[in-house]
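S.K.: I am sharing structure04.cif, which consists of mmCIF, N, CA and C atoms:
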data_data
loop_
_atom_site.label_atom_id
_atom_site.label_comp_id
_atom_site.auth_asym_id
_atom_site.auth_seq_id
_atom_site.Cartn_x
_atom_site.Cartn_y
_atom_site.Cartn_z
N MET A 1 28.84 28.03 9.62
CA MET A 1 29.14 28.71 10.85
C MET A 1 28.56 30.11 10.76
N ALA A 2 27.82 30.47 11.73
CA ALA A 2 27.18 31.77 11.70
C ALA A 2 27.07 32.32 13.11
N ASP A 3 26.86 33.60 13.19
CA ASP A 3 26.75 34.24 14.48
C ASP A 3 25.81 35.42 14.38
N ILE A 4 25.46 35.97 15.50
CA ILE A 4 24.52 37.10 15.57
C ILE A 4 25.31 38.39 15.44
N ILE A 5 24.74 39.36 14.73
CA ILE A 5 25.38 40.67 14.63
C ILE A 5 25.01 41.47 15.88
N TYR A 6 26.03 42.02 16.53
CA TYR A 6 25.85 42.87 17.70
C TYR A 6 26.34 44.26 17.33
N GLU A 7 25.43 45.20 17.22
CA GLU A 7 25.76 46.54 16.74
C GLU A 7 26.85 47.22 17.58
N LYS A 8 26.89 46.95 18.89
CA LYS A 8 27.86 47.62 19.75
C LYS A 8 29.29 47.10 19.59
N PHE A 9 29.46 45.95 18.94
CA PHE A 9 30.77 45.32 18.89
C PHE A 9 31.32 45.36 17.46
N ILE A 10 31.78 46.52 17.07
CA ILE A 10 32.22 46.78 15.70
C ILE A 10 33.38 45.88 15.31
N HIS A 11 34.37 45.71 16.19
CA HIS A 11 35.54 44.88 15.87
C HIS A 11 35.10 43.44 15.57
N ARG A 12 34.23 42.89 16.40
CA ARG A 12 33.74 41.52 16.21
C ARG A 12 32.98 41.40 14.89
N ASN A 13 32.15 42.38 14.59
CA ASN A 13 31.39 42.35 13.33
C ASN A 13 32.32 42.41 12.13
N LYS A 14 33.38 43.23 12.22
CA LYS A 14 34.36 43.31 11.13
C LYS A 14 35.08 41.99 10.96
N LEU A 15 35.41 41.33 12.07
CA LEU A 15 36.08 40.04 12.01
C LEU A 15 35.22 39.04 11.23
N ILE A 16 33.96 38.95 11.57
CA ILE A 16 33.06 38.00 10.90
C ILE A 16 32.88 38.38 9.44
N THR A 17 32.74 39.66 9.15
CA THR A 17 32.60 40.10 7.76
C THR A 17 33.84 39.79 6.95
N THR A 18 35.02 40.00 7.53
CA THR A 18 36.28 39.68 6.84
C THR A 18 36.36 38.20 6.51
N LEU A 19 36.02 37.36 7.46
CA LEU A 19 36.06 35.91 7.22
C LEU A 19 35.04 35.50 6.17
N SER A 20 33.87 36.12 6.20
CA SER A 20 32.82 35.72 5.26
C SER A 20 33.16 36.11 3.82
N ASN A 21 34.08 37.05 3.64
CA ASN A 21 34.52 37.40 2.29
C ASN A 21 35.17 36.20 1.59
N ASN A 22 35.86 35.37 2.36
CA ASN A 22 36.53 34.19 1.81
C ASN A 22 35.75 32.91 2.06
N TYR A 23 34.92 32.90 3.07
CA TYR A 23 34.17 31.70 3.45
C TYR A 23 32.71 32.08 3.67
N PRO A 24 31.88 31.97 2.64
CA PRO A 24 30.48 32.38 2.75
C PRO A 24 29.69 31.65 3.85
N ASP A 25 30.16 30.48 4.28
CA ASP A 25 29.47 29.77 5.37
C ASP A 25 29.63 30.50 6.70
N ILE A 26 30.64 31.38 6.78
CA ILE A 26 30.84 32.17 7.99
C ILE A 26 30.08 33.47 7.78
N GLY A 27 29.16 33.75 8.67
CA GLY A 27 28.38 34.97 8.53
C GLY A 27 27.45 35.14 9.70
N PHE A 28 26.53 36.07 9.55
CA PHE A 28 25.58 36.37 10.61
C PHE A 28 24.29 35.58 10.39
N VAL A 29 23.71 35.10 11.49
CA VAL A 29 22.44 34.38 11.38
C VAL A 29 21.31 35.37 11.23
N GLN A 30 20.26 34.90 10.62
CA GLN A 30 19.04 35.70 10.52
C GLN A 30 18.18 35.38 11.74
N ASN A 31 17.18 36.18 11.98
CA ASN A 31 16.30 35.96 13.13
C ASN A 31 15.63 34.60 13.11
N ASP A 32 15.48 34.01 11.92
CA ASP A 32 14.80 32.73 11.83
C ASP A 32 15.59 31.61 12.51
N PHE A 33 16.89 31.78 12.76
CA PHE A 33 17.68 30.78 13.47
C PHE A 33 17.10 30.53 14.86
N HIS A 34 16.64 31.59 15.49
CA HIS A 34 16.11 31.47 16.85
C HIS A 34 14.74 30.81 16.89
N LYS A 35 14.13 30.64 15.74
CA LYS A 35 12.84 29.97 15.66
C LYS A 35 13.00 28.47 15.40
N LEU A 36 14.23 28.03 15.17
CA LEU A 36 14.46 26.61 14.91
C LEU A 36 14.22 25.79 16.17
N THR A 37 13.82 24.55 15.97
CA THR A 37 13.67 23.64 17.10
C THR A 37 15.06 23.26 17.61
N PRO A 38 15.16 22.75 18.82
CA PRO A 38 16.47 22.30 19.31
C PRO A 38 17.11 21.26 18.36
N GLU A 39 16.31 20.40 17.79
CA GLU A 39 16.84 19.39 16.87
C GLU A 39 17.40 20.04 15.60
N GLN A 40 16.72 21.07 15.11
CA GLN A 40 17.20 21.78 13.92
C GLN A 40 18.49 22.53 14.23
N LYS A 41 18.57 23.13 15.40
CA LYS A 41 19.80 23.82 15.80
C LYS A 41 20.95 22.81 15.92
N TRP A 42 20.67 21.65 16.50
CA TRP A 42 21.68 20.59 16.61
C TRP A 42 22.17 20.21 15.22
N GLY A 43 21.24 20.04 14.30
CA GLY A 43 21.60 19.70 12.92
C GLY A 43 22.48 20.76 12.29
N GLU A 44 22.15 22.01 12.52
CA GLU A 44 22.94 23.12 11.97
C GLU A 44 24.37 23.06 12.50
N TRP A 45 24.51 22.89 13.82
CA TRP A 45 25.84 22.87 14.42
C TRP A 45 26.62 21.62 14.05
N SER A 46 25.97 20.48 14.04
CA SER A 46 26.70 19.23 13.78
C SER A 46 27.05 19.07 12.31
N ASN A 47 26.54 19.92 11.45
CA ASN A 47 26.91 19.88 10.03
C ASN A 47 28.25 20.55 9.75
N HIS A 48 28.86 21.13 10.75
CA HIS A 48 30.14 21.81 10.57
C HIS A 48 31.23 21.14 11.41
N ALA A 49 32.37 20.94 10.79
CA ALA A 49 33.51 20.36 11.49
C ALA A 49 34.23 21.41 12.33
N LEU A 50 34.35 22.60 11.78
CA LEU A 50 35.09 23.68 12.42
C LEU A 50 34.15 24.82 12.77
N HIS A 51 34.41 25.46 13.90
CA HIS A 51 33.56 26.55 14.38
C HIS A 51 34.45 27.71 14.80
N TRP A 52 34.50 28.75 13.96
CA TRP A 52 35.31 29.93 14.26
C TRP A 52 34.57 30.74 15.33
N ILE A 53 35.18 30.89 16.49
CA ILE A 53 34.55 31.58 17.61
C ILE A 53 34.97 33.05 17.60
N ALA A 54 33.97 33.92 17.53
CA ALA A 54 34.18 35.37 17.53
C ALA A 54 33.50 35.94 18.77
N PRO A 55 34.23 36.04 19.87
CA PRO A 55 33.58 36.45 21.12
C PRO A 55 33.18 37.92 21.14
N VAL A 56 32.21 38.22 21.98
CA VAL A 56 31.85 39.58 22.30
C VAL A 56 32.74 39.97 23.48
N LEU A 57 33.46 41.06 23.30
CA LEU A 57 34.48 41.47 24.27
C LEU A 57 35.46 40.30 24.41
N ASN A 58 35.72 39.80 25.61
CA ASN A 58 36.69 38.72 25.76
C ASN A 58 36.07 37.57 26.55
N ASP A 59 34.81 37.25 26.24
CA ASP A 59 34.14 36.17 26.95
C ASP A 59 34.33 34.85 26.21
N LEU A 60 34.03 33.78 26.87
CA LEU A 60 34.03 32.47 26.24
C LEU A 60 32.58 32.14 25.92
N PRO A 61 32.17 32.30 24.66
CA PRO A 61 30.75 32.17 24.33
C PRO A 61 30.25 30.73 24.37
N ILE A 62 28.95 30.61 24.52
CA ILE A 62 28.27 29.31 24.52
C ILE A 62 28.55 28.56 23.23
N ARG A 63 28.82 29.28 22.15
CA ARG A 63 29.11 28.65 20.86
C ARG A 63 30.33 27.71 20.96
N PHE A 64 31.26 28.03 21.84
CA PHE A 64 32.41 27.15 22.06
C PHE A 64 31.91 25.78 22.52
N PHE A 65 30.99 25.78 23.46
CA PHE A 65 30.48 24.53 24.00
C PHE A 65 29.54 23.84 23.02
N ASP A 66 28.80 24.63 22.22
CA ASP A 66 27.97 24.05 21.16
C ASP A 66 28.86 23.27 20.19
N ALA A 67 30.00 23.85 19.85
CA ALA A 67 30.93 23.19 18.93
C ALA A 67 31.44 21.88 19.52
N LEU A 68 31.88 21.91 20.77
CA LEU A 68 32.40 20.70 21.41
C LEU A 68 31.34 19.61 21.53
N ILE A 69 30.16 19.98 21.97
CA ILE A 69 29.15 18.95 22.24
C ILE A 69 28.64 18.30 20.95
N THR A 70 28.78 19.01 19.82
CA THR A 70 28.39 18.41 18.55
C THR A 70 29.58 17.74 17.87
N GLY A 71 30.71 17.68 18.57
CA GLY A 71 31.87 16.97 18.05
C GLY A 71 32.78 17.79 17.16
N GLY A 72 32.47 19.06 16.99
CA GLY A 72 33.29 19.93 16.15
C GLY A 72 34.53 20.42 16.87
N ILE A 73 35.34 21.14 16.13
CA ILE A 73 36.54 21.74 16.69
C ILE A 73 36.34 23.25 16.74
N PRO A 74 36.20 23.83 17.94
CA PRO A 74 36.10 25.28 18.03
C PRO A 74 37.47 25.91 17.77
N ILE A 75 37.47 27.03 17.06
CA ILE A 75 38.70 27.77 16.79
C ILE A 75 38.55 29.09 17.53
N ILE A 76 39.38 29.27 18.56
CA ILE A 76 39.24 30.42 19.45
C ILE A 76 40.37 31.42 19.27
N PRO A 77 40.13 32.69 19.62
CA PRO A 77 41.23 33.65 19.59
C PRO A 77 42.24 33.32 20.70
N SER A 78 43.50 33.65 20.44
CA SER A 78 44.56 33.30 21.39
C SER A 78 44.31 33.88 22.78
N GLY A 79 43.60 35.00 22.88
CA GLY A 79 43.33 35.60 24.17
C GLY A 79 42.41 34.78 25.06
N LEU A 80 41.69 33.82 24.49
CA LEU A 80 40.79 32.99 25.30
C LEU A 80 41.46 31.72 25.84
N VAL A 81 42.67 31.46 25.40
CA VAL A 81 43.34 30.22 25.83
C VAL A 81 43.41 30.10 27.35
N PRO A 82 43.76 31.15 28.11
CA PRO A 82 43.80 30.98 29.57
C PRO A 82 42.45 30.56 30.17
N PHE A 83 41.35 31.06 29.62
CA PHE A 83 40.03 30.67 30.12
C PHE A 83 39.76 29.19 29.85
N VAL A 84 40.09 28.76 28.64
CA VAL A 84 39.86 27.36 28.26
C VAL A 84 40.77 26.44 29.06
N GLU A 85 42.01 26.86 29.26
CA GLU A 85 42.93 26.05 30.07
C GLU A 85 42.44 25.94 31.51
N SER A 86 41.85 27.03 32.05
CA SER A 86 41.36 26.98 33.43
C SER A 86 40.20 25.99 33.58
N LEU A 87 39.52 25.70 32.48
CA LEU A 87 38.44 24.71 32.49
C LEU A 87 38.96 23.29 32.25
N GLN A 88 40.27 23.18 32.10
CA GLN A 88 40.96 21.90 31.89
C GLN A 88 40.45 21.17 30.65
N ILE A 89 40.21 21.93 29.58
CA ILE A 89 39.81 21.35 28.31
C ILE A 89 41.08 20.97 27.56
N PRO A 90 41.21 19.73 27.15
CA PRO A 90 42.42 19.31 26.45
C PRO A 90 42.69 20.18 25.21
N ALA A 91 43.94 20.56 25.03
CA ALA A 91 44.32 21.45 23.93
C ALA A 91 44.01 20.87 22.56
N ASN A 92 43.96 19.56 22.45
CA ASN A 92 43.67 18.95 21.14
C ASN A 92 42.17 18.97 20.81
N TYR A 93 41.33 19.49 21.71
CA TYR A 93 39.89 19.58 21.45
C TYR A 93 39.50 20.91 20.83
N TYR A 94 40.44 21.84 20.71
CA TYR A 94 40.17 23.14 20.11
C TYR A 94 41.40 23.61 19.36
N SER A 95 41.24 24.68 18.62
CA SER A 95 42.34 25.28 17.88
C SER A 95 42.37 26.77 18.23
N VAL A 96 43.48 27.41 17.91
CA VAL A 96 43.68 28.81 18.27
C VAL A 96 44.01 29.62 17.02
N TYR A 97 43.39 30.80 16.92
CA TYR A 97 43.77 31.72 15.85
C TYR A 97 44.40 32.98 16.44
N ARG A 98 45.26 33.55 15.63
CA ARG A 98 45.96 34.78 15.99
C ARG A 98 45.58 35.87 15.00
N PRO A 99 45.93 37.12 15.27
CA PRO A 99 45.51 38.21 14.37
C PRO A 99 45.86 37.98 12.90
N LEU A 100 47.02 37.44 12.60
CA LEU A 100 47.39 37.22 11.20
C LEU A 100 46.51 36.18 10.52
N ASP A 101 45.95 35.26 11.29
CA ASP A 101 45.05 34.26 10.73
C ASP A 101 43.78 34.89 10.17
N LEU A 102 43.42 36.04 10.69
CA LEU A 102 42.23 36.74 10.19
C LEU A 102 42.46 37.25 8.77
N MET A 103 43.68 37.62 8.48
CA MET A 103 43.99 38.13 7.15
C MET A 103 44.13 37.00 6.14
N ASN A 104 44.59 35.85 6.60
CA ASN A 104 44.76 34.70 5.73
C ASN A 104 44.36 33.43 6.50
N PRO A 105 43.06 33.16 6.61
CA PRO A 105 42.60 32.03 7.42
C PRO A 105 42.78 30.66 6.76
N LYS A 106 43.03 30.63 5.47
CA LYS A 106 43.06 29.37 4.72
C LYS A 106 44.04 28.34 5.31
N PRO A 107 45.30 28.70 5.58
CA PRO A 107 46.21 27.67 6.13
C PRO A 107 45.71 27.04 7.43
N LEU A 108 45.19 27.87 8.32
CA LEU A 108 44.68 27.35 9.59
C LEU A 108 43.46 26.47 9.36
N LEU A 109 42.52 26.94 8.54
CA LEU A 109 41.31 26.16 8.29
C LEU A 109 41.62 24.86 7.54
N ASP A 110 42.56 24.91 6.61
CA ASP A 110 42.95 23.68 5.91
C ASP A 110 43.58 22.68 6.87
N ALA A 111 44.47 23.17 7.73
CA ALA A 111 45.15 22.28 8.68
C ALA A 111 44.14 21.68 9.67
N GLU A 112 43.24 22.50 10.17
CA GLU A 112 42.26 22.00 11.14
C GLU A 112 41.23 21.09 10.48
N GLY A 113 40.88 21.38 9.23
CA GLY A 113 39.98 20.49 8.50
C GLY A 113 40.60 19.12 8.30
N SER A 114 41.90 19.11 7.99
CA SER A 114 42.63 17.84 7.84
C SER A 114 42.70 17.10 9.16
N ARG A 115 42.95 17.85 10.24
CA ARG A 115 43.02 17.23 11.56
C ARG A 115 41.68 16.63 11.94
N PHE A 116 40.58 17.35 11.67
CA PHE A 116 39.25 16.83 11.96
C PHE A 116 39.03 15.52 11.21
N THR A 117 39.38 15.49 9.94
CA THR A 117 39.20 14.28 9.13
C THR A 117 40.05 13.15 9.66
N GLN A 118 41.29 13.45 10.01
CA GLN A 118 42.21 12.42 10.52
C GLN A 118 41.70 11.83 11.84
N LEU A 119 41.16 12.68 12.72
CA LEU A 119 40.65 12.19 14.01
C LEU A 119 39.36 11.38 13.84
N GLY A 120 38.62 11.69 12.77
CA GLY A 120 37.45 10.91 12.39
C GLY A 120 36.35 10.86 13.44
N SER A 121 35.54 9.80 13.34
CA SER A 121 34.40 9.67 14.24
C SER A 121 34.83 9.48 15.69
N GLN A 122 36.01 8.89 15.90
CA GLN A 122 36.49 8.74 17.28
C GLN A 122 36.74 10.12 17.90
N GLY A 123 37.32 11.04 17.14
CA GLY A 123 37.55 12.40 17.64
C GLY A 123 36.25 13.12 17.93
N ILE A 124 35.27 12.94 17.05
CA ILE A 124 33.96 13.55 17.26
C ILE A 124 33.36 13.06 18.57
N MET A 125 33.40 11.76 18.78
CA MET A 125 32.83 11.18 20.01
C MET A 125 33.60 11.62 21.25
N GLU A 126 34.92 11.71 21.16
CA GLU A 126 35.71 12.15 22.32
C GLU A 126 35.34 13.57 22.73
N ARG A 127 35.24 14.48 21.75
CA ARG A 127 34.88 15.86 22.07
C ARG A 127 33.46 15.93 22.63
N HIS A 128 32.55 15.20 22.01
CA HIS A 128 31.17 15.16 22.48
C HIS A 128 31.08 14.63 23.91
N GLU A 129 31.70 13.49 24.15
CA GLU A 129 31.63 12.88 25.48
C GLU A 129 32.28 13.75 26.55
N PHE A 130 33.39 14.41 26.19
CA PHE A 130 34.04 15.31 27.14
C PHE A 130 33.09 16.45 27.51
N ALA A 131 32.46 17.05 26.50
CA ALA A 131 31.54 18.15 26.77
C ALA A 131 30.34 17.69 27.59
N MET A 132 29.81 16.51 27.28
CA MET A 132 28.68 15.98 28.05
C MET A 132 29.07 15.72 29.50
N GLU A 133 30.25 15.16 29.69
CA GLU A 133 30.71 14.79 31.03
C GLU A 133 31.03 16.01 31.90
N HIS A 134 31.54 17.08 31.28
CA HIS A 134 32.01 18.22 32.07
C HIS A 134 31.13 19.47 32.01
N PHE A 135 30.34 19.63 30.96
CA PHE A 135 29.65 20.91 30.79
C PHE A 135 28.15 20.80 30.56
N HIS A 136 27.61 19.61 30.50
CA HIS A 136 26.16 19.48 30.37
C HIS A 136 25.51 20.00 31.66
N ILE A 137 24.36 20.61 31.54
CA ILE A 137 23.69 21.23 32.68
C ILE A 137 23.49 20.24 33.83
N ASP A 138 23.18 18.98 33.53
CA ASP A 138 23.00 17.99 34.58
C ASP A 138 24.28 17.81 35.39
N LYS A 139 25.43 17.79 34.72
CA LYS A 139 26.70 17.62 35.41
C LYS A 139 27.03 18.85 36.26
N ILE A 140 26.71 20.03 35.72
CA ILE A 140 26.98 21.26 36.47
C ILE A 140 26.11 21.31 37.72
N ILE A 141 24.85 20.95 37.59
CA ILE A 141 23.96 20.93 38.76
C ILE A 141 24.41 19.91 39.78
N ASP A 142 24.86 18.73 39.30
CA ASP A 142 25.37 17.70 40.21
C ASP A 142 26.53 18.22 41.05
N LYS A 143 27.38 19.04 40.43
CA LYS A 143 28.53 19.59 41.18
C LYS A 143 28.05 20.53 42.26
#
Show this structure as structure tokens.
M.R.:
Amino acid sequence: MADIIYEKFIHRNKLITTLSNNYPDIGFVQNDFHKLTPEQKWGEWSNHALHWIAPVLNDLPIRFFDALITGGIPIIPSGLVPFVESLQIPANYYSVYRPLDLMNPKPLLDAEGSRFTQLGSQGIMERHEFAMEHFHIDKIIDK
């Protein structure tokens, strides 16, 4: 799981740095990520079960949808729940973190990792199909 460093968003950068201290897979992407082919980017995203979402300000980033469409479980800050609920995304398709989870993310990540494993390939397909049906560009244009 990786994200871009945005110099103007100090709190967000600190959040990602704090998480990367315990989880080296969480960090900032290098410029070479943007040079990857769409297939390579898909491979990068689909290789992760969990996707810790660190928004800029209080937006719902595209990374949330990248996580869903590749069958992963996005983990969002509690402040984004109203936005996700307004999109009628089932609560079991994502997870929520709170400020204390930033200080000790292991229990949440362990629980969500177990849930991902328990839901298995059926869960991956359900999240993928939901994202394709509701948020793929073709569906949005059709609406």
S.K.: Which residues in chain A does DSSP call strand (DSSP E)? List them as a PyMOL selection string.
M.R.: chain A and resi 2-3+27-28+50-52+73-77+95-97
S.K.: To one decimal place in Å, what is the distance between CA of Phe116 in chain A and CA of Phe83 in chain A?
M.R.: 22.8 Å
S.K.: Pick out the closest residue to Lys41 in chain A from this set: A:Ala54, A:Ala67, A:Ile26, A:Leu15. Count only C-alpha atoms.
M.R.: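 Checking each of A:Ala54, A:Ala67, A:Ile26, A:Leu15 against Lys41 in chain A, counting only C-alpha atoms, the winner is A:Ala67.
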S.K.: Looking only at helix (DSSP H, G or I) from DSSP on the backbone, list the matching residues of chain A as number ranges by chain.
M.R.: A: 10-22, 31-35, 38-46, 62-69, 78-86, 91-93, 99-103, 106-135, 137-142
S.K.: Convert the output of the PyMOL selection byres (((chain A and resi 58 and name CA) around 10) and name CA) on the shown file into explicit residues, formatted as a PyMOL selection string.
M.R.: chain A and resi 54-57+59-61+77+79-80+83
S.K.: I want to know what sits within 8 Å of range 103-115 of chain A, based on all atoms listed in the file, with residues of the same chain fewer than 5 positions away left out; could you give that as a list of chain:residue names?
M.R.: A:Thr18, A:Leu19, A:Ala49, A:Leu50, A:Ile73, A:Ser95, A:Val96, A:Tyr97, A:Arg98, A:Gly120
S.K.: Work out how far atom N of Ile62 in chain A is from atom C of Thr37 in chain A, in Å to one decimal.
M.R.: 17.2 Å
S.K.: Quick one: apply the PyMOL selection byres ((chain A and resi 68) around 8) to the file and drop the selected residues here as a ChimeraX atom specification.
M.R.: /A:62-67,69-74,93,124,126-132
S.K.: Grab the CA of Tyr94 in chain A to atom C of Thr17 in chain A distance for me, in Å with one decimal place.
M.R.: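 That distance, rounded to one decimal, is 22.1 Å.
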S.K.: Would you please work out which residue, of A:Pro38, A:His136, A:Thr117, A:Ile75, is nearest to Trp52 in chain A when using only N, CA and C atoms?
M.R.: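 Once distances to Trp52 in chain A are computed over only N, CA and C atoms, the minimum belongs to A:Ile75.
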S.K.: For range 49-114 of chain A of the block above, can you save C-alpha atoms as a CSV table (one decimal), in the first residue's frame?
M.R.:
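This is the output file result.csv:
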chain,number,residue,atom,x,y,z
A,49,ALA,CA,-5.9,-7.4,0.7
A,50,LEU,CA,-6.1,-4.2,2.8
A,51,HIS,CA,-5.8,-0.6,1.7
A,52,TRP,CA,-5.3,2.1,4.3
A,53,ILE,CA,-6.9,5.2,2.9
A,54,ALA,CA,-5.2,8.5,3.9
A,55,PRO,CA,-7.3,11.3,2.3
A,56,VAL,CA,-6.1,14.7,1.4
A,57,LEU,CA,-8.3,17.0,3.5
A,58,ASN,CA,-11.6,15.2,3.9
A,59,ASP,CA,-12.2,13.8,0.4
A,60,LEU,CA,-13.0,10.3,-0.7
A,61,PRO,CA,-10.0,9.4,-2.8
A,62,ILE,CA,-9.9,7.3,-6.0
A,63,ARG,CA,-7.8,4.9,-4.0
A,64,PHE,CA,-10.9,3.8,-2.2
A,65,PHE,CA,-12.5,2.7,-5.5
A,66,ASP,CA,-9.2,1.2,-6.6
A,67,ALA,CA,-9.3,-1.0,-3.5
A,68,LEU,CA,-12.9,-2.1,-4.1
A,69,ILE,CA,-12.5,-2.8,-7.8
A,70,THR,CA,-9.5,-5.0,-7.1
A,71,GLY,CA,-11.4,-6.9,-4.4
A,72,GLY,CA,-9.5,-5.4,-1.5
A,73,ILE,CA,-10.9,-4.0,1.7
A,74,PRO,CA,-10.4,-0.2,2.0
A,75,ILE,CA,-9.8,1.1,5.5
A,76,ILE,CA,-11.1,4.6,5.8
A,77,PRO,CA,-11.0,7.3,8.5
A,78,SER,CA,-14.2,7.5,10.6
A,79,GLY,CA,-14.9,11.0,9.2
A,80,LEU,CA,-15.5,9.5,5.7
A,81,VAL,CA,-18.2,7.1,6.7
A,82,PRO,CA,-21.1,9.6,5.9
A,83,PHE,CA,-19.7,10.0,2.3
A,84,VAL,CA,-19.4,6.2,1.8
A,85,GLU,CA,-22.9,5.7,3.3
A,86,SER,CA,-24.3,8.3,0.9
A,87,LEU,CA,-23.0,6.2,-1.9
A,88,GLN,CA,-24.9,3.2,-0.5
A,89,ILE,CA,-21.7,1.1,-0.2
A,90,PRO,CA,-22.4,-1.9,2.1
A,91,ALA,CA,-20.6,-1.5,5.4
A,92,ASN,CA,-19.0,-5.0,5.1
A,93,TYR,CA,-17.1,-3.8,2.0
A,94,TYR,CA,-14.9,-1.5,3.9
A,95,SER,CA,-13.4,-0.9,7.4
A,96,VAL,CA,-13.1,2.1,9.5
A,97,TYR,CA,-10.1,3.5,11.5
A,98,ARG,CA,-10.2,5.9,14.4
A,99,PRO,CA,-7.4,8.2,15.8
A,100,LEU,CA,-6.3,5.5,18.3
A,101,ASP,CA,-5.9,3.0,15.5
A,102,LEU,CA,-3.1,5.2,14.1
A,103,MET,CA,-1.1,4.7,17.3
A,104,ASN,CA,-1.7,0.9,17.4
A,105,PRO,CA,-2.9,-0.3,14.0
A,106,LYS,CA,-2.0,-4.0,14.5
A,107,PRO,CA,-5.4,-5.1,16.1
A,108,LEU,CA,-7.4,-3.5,13.3
A,109,LEU,CA,-5.1,-4.8,10.6
A,110,ASP,CA,-5.0,-8.3,12.1
A,111,ALA,CA,-8.8,-8.4,12.4
A,112,GLU,CA,-9.4,-7.1,8.9
A,113,GLY,CA,-6.8,-9.4,7.5
A,114,SER,CA,-8.6,-12.3,9.1
